[in-house]
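Undergrad: Next up is a structure, given as structure tokens.
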Amino acid sequence: MAITQEWKIRTRARECAHTGAVFADGDPLYTALFEDLATGQLSRKDFSVSAWEELHESLTPFSFWKSQFEEAVEKTTTKNVVEKEGAESLLRRLVEDEEESTENARYILALMLERKKTLKQTDSRKTDTGKLLIYEHVVSGEVFIVRDPELKLSEIASVQDEVAVLLGGKARGKADGESEVVGTDEGNPPEAPGPDASEPPPSA
């Protein structure tokens, strides 16, 4: 069952899924992903802390974590329009497209954005199709799911080159034979994802 085949980026809700109470800026909340066993699709729900404490023992989420509600920050694009696609917008496009051929690039882009503190890894889960890394956008709260392709060390350089080209830059080998992503402002990706970040349910 390929969970990520039907996954699109999910935005944080503005109200509690249980009570309907509207979140205020800075409110703590719990985000949970639920799997439809019949279709393999995931849905997202956001709960207030009090609602989560009331319900969590009866729920069986695929993944969940505690975060904080923040009002969306609108960015103007009327000035200094950048023609080259940045790492975040590229990852968004590739996640939405869900082309199997971009799986490695999505993984590297997610690691780059994690290092830049744009994304934070909230969980990792093993499924029938492999290990899934679950990320939350630090500002918007959007959830990104990326499969870990378990790249070998010898494969990293070619994927970095692929990402550099996608970002409108160029790939250049170092003198010692290693590769680096150049020609962009996004920097080089770290070598490994962050640790699992699952948080146990709060006590009732």
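Just remember, in the structure tokens the first chain shown is A, the second B, etc., residues are 1-based per chain, and ligands are 1-based in the order shown.
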So that each row is one residue of stretch 44-139 of chain A with an atom at most 7 Å from stretch 7-28 of chain A, can you give its shortest atom pair and the distance in Å to one decimal, using only C-alpha atoms, rows by chain and rising number, as a Markdown table?

TA:
```
| residue | atom | partner | partner_atom | distance |
| --- | --- | --- | --- | --- |
| A:Arg44 | CA | A:Arg10 | CA | 7.0 |
| A:Lys45 | CA | A:Ala17 | CA | 5.9 |
| A:Asp46 | CA | A:Cys16 | CA | 5.7 |
| A:Phe47 | CA | A:Cys16 | CA | 4.6 |
| A:Ser48 | CA | A:Cys16 | CA | 5.6 |
| A:Val49 | CA | A:Pro28 | CA | 6.6 |
| A:Ala51 | CA | A:His18 | CA | 6.5 |
| A:Ser67 | CA | A:Pro28 | CA | 5.8 |
| A:Gln68 | CA | A:Pro28 | CA | 4.3 |
| A:Phe69 | CA | A:Gly26 | CA | 5.2 |
| A:Glu70 | CA | A:Asp25 | CA | 4.9 |
| A:Glu71 | CA | A:Asp25 | CA | 5.7 |
| A:Val95 | CA | A:Lys8 | CA | 6.8 |
| A:Glu96 | CA | A:Lys8 | CA | 5.6 |
```

Undergrad: Deliver the residues from the most recent selection as a file, using N, CA and C atoms, as a JSON list (two decimals), in the first residue's frame.

TA:
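File written: selection.json
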```
[["chain", "number", "residue", "atom", "x", "y", "z"],
["A", 44, "ARG", "N", -5.37, 14.73, 7.45],
["A", 44, "ARG", "CA", -4.80, 15.50, 8.55],
["A", 44, "ARG", "C", -5.91, 16.12, 9.39],
["A", 45, "LYS", "N", -5.71, 16.11, 10.72],
["A", 45, "LYS", "CA", -6.61, 16.80, 11.62],
["A", 45, "LYS", "C", -5.78, 17.51, 12.69],
["A", 46, "ASP", "N", -6.23, 18.71, 13.07],
["A", 46, "ASP", "CA", -5.56, 19.49, 14.11],
["A", 46, "ASP", "C", -6.49, 19.62, 15.30],
["A", 47, "PHE", "N", -5.94, 19.40, 16.49],
["A", 47, "PHE", "CA", -6.73, 19.39, 17.72],
["A", 47, "PHE", "C", -6.16, 20.37, 18.74],
["A", 48, "SER", "N", -7.04, 21.00, 19.51],
["A", 48, "SER", "CA", -6.58, 21.77, 20.66],
["A", 48, "SER", "C", -6.01, 20.80, 21.68],
["A", 49, "VAL", "N", -5.22, 21.30, 22.60],
["A", 49, "VAL", "CA", -4.61, 20.44, 23.61],
["A", 49, "VAL", "C", -5.69, 19.76, 24.45],
["A", 51, "ALA", "N", -8.79, 19.05, 23.64],
["A", 51, "ALA", "CA", -9.50, 18.05, 22.85],
["A", 51, "ALA", "C", -8.64, 16.80, 22.68],
["A", 67, "SER", "N", 2.58, 21.00, 18.19],
["A", 67, "SER", "CA", 3.20, 22.18, 17.61],
["A", 67, "SER", "C", 2.46, 23.43, 18.08],
["A", 68, "GLN", "N", 2.58, 24.50, 17.33],
["A", 68, "GLN", "CA", 1.99, 25.78, 17.74],
["A", 68, "GLN", "C", 1.35, 26.46, 16.54],
["A", 69, "PHE", "N", 0.18, 27.03, 16.76],
["A", 69, "PHE", "CA", -0.50, 27.73, 15.67],
["A", 69, "PHE", "C", 0.12, 29.10, 15.47],
["A", 70, "GLU", "N", 0.39, 29.42, 14.21],
["A", 70, "GLU", "CA", 0.91, 30.74, 13.86],
["A", 70, "GLU", "C", 0.12, 31.29, 12.69],
["A", 71, "GLU", "N", -0.21, 32.55, 12.78],
["A", 71, "GLU", "CA", -0.93, 33.18, 11.67],
["A", 71, "GLU", "C", -0.04, 33.15, 10.43],
["A", 95, "VAL", "N", 6.55, 17.40, -4.81],
["A", 95, "VAL", "CA", 5.66, 16.63, -3.94],
["A", 95, "VAL", "C", 4.27, 16.56, -4.56],
["A", 96, "GLU", "N", 3.80, 17.68, -5.11],
["A", 96, "GLU", "CA", 2.47, 17.70, -5.72],
["A", 96, "GLU", "C", 2.43, 16.83, -6.98]]
```

Undergrad: Between atom CA of A:Thr118 and atom CA of A:His137, what is the spacing in Å?

TA: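 Spanning atom CA of A:His137 to atom CA of A:Thr118 is a straight-line distance of 6.0 Å.
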
Undergrad: Can you tell me how far atom CA of A:Leu55 sits from atom CA of A:Phe34, in Å to one decimal?

TA: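 These atoms are spaced 13.8 Å apart.
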
Undergrad: Could you tell me, as an MDAnalysis selection string, which residues of stretch 32-139 of chain A DSSP assigns to alpha helix (DSSP H) when given the backbone?

TA: chainID A and resid 49:55 87:97 103:115

Undergrad: Quick one, how far is atom CA of A:Leu167 from atom CA of A:Thr129?

TA: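 Going from atom CA of A:Leu167 over to atom CA of A:Thr129, I get 28.0 Å.
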
Undergrad: Would you pick out the contacts of A:Glu136 at 9 Å or less, using only C-alpha atoms, so that residues sharing its chain but fewer than 5 positions from it are not included, and give the list as a PDB file with C-alpha atoms, in the first residue's frame?

TA:
```pdb
ATOM      1  CA  THR A 118      12.486  25.864   6.995  1.00  0.00           C
ATOM      2  CA  LEU A 119      11.215  22.339   7.693  1.00  0.00           C
ATOM      3  CA  LYS A 120      11.429  20.264  10.852  1.00  0.00           C
ATOM      4  CA  GLN A 121      11.139  16.498  10.925  1.00  0.00           C
ATOM      5  CA  THR A 122       8.323  15.474  13.239  1.00  0.00           C
ATOM      6  CA  GLY A 141       2.541  24.335   9.584  1.00  0.00           C
ATOM      7  CA  GLU A 142       2.089  22.535   6.249  1.00  0.00           C
ATOM      8  CA  VAL A 143       2.954  18.836   6.269  1.00  0.00           C
ATOM      9  CA  PHE A 144       5.306  17.307   3.714  1.00  0.00           C
ATOM     10  CA  ILE A 145       5.826  13.545   3.423  1.00  0.00           C
TER      11      ILE A 145
END
```
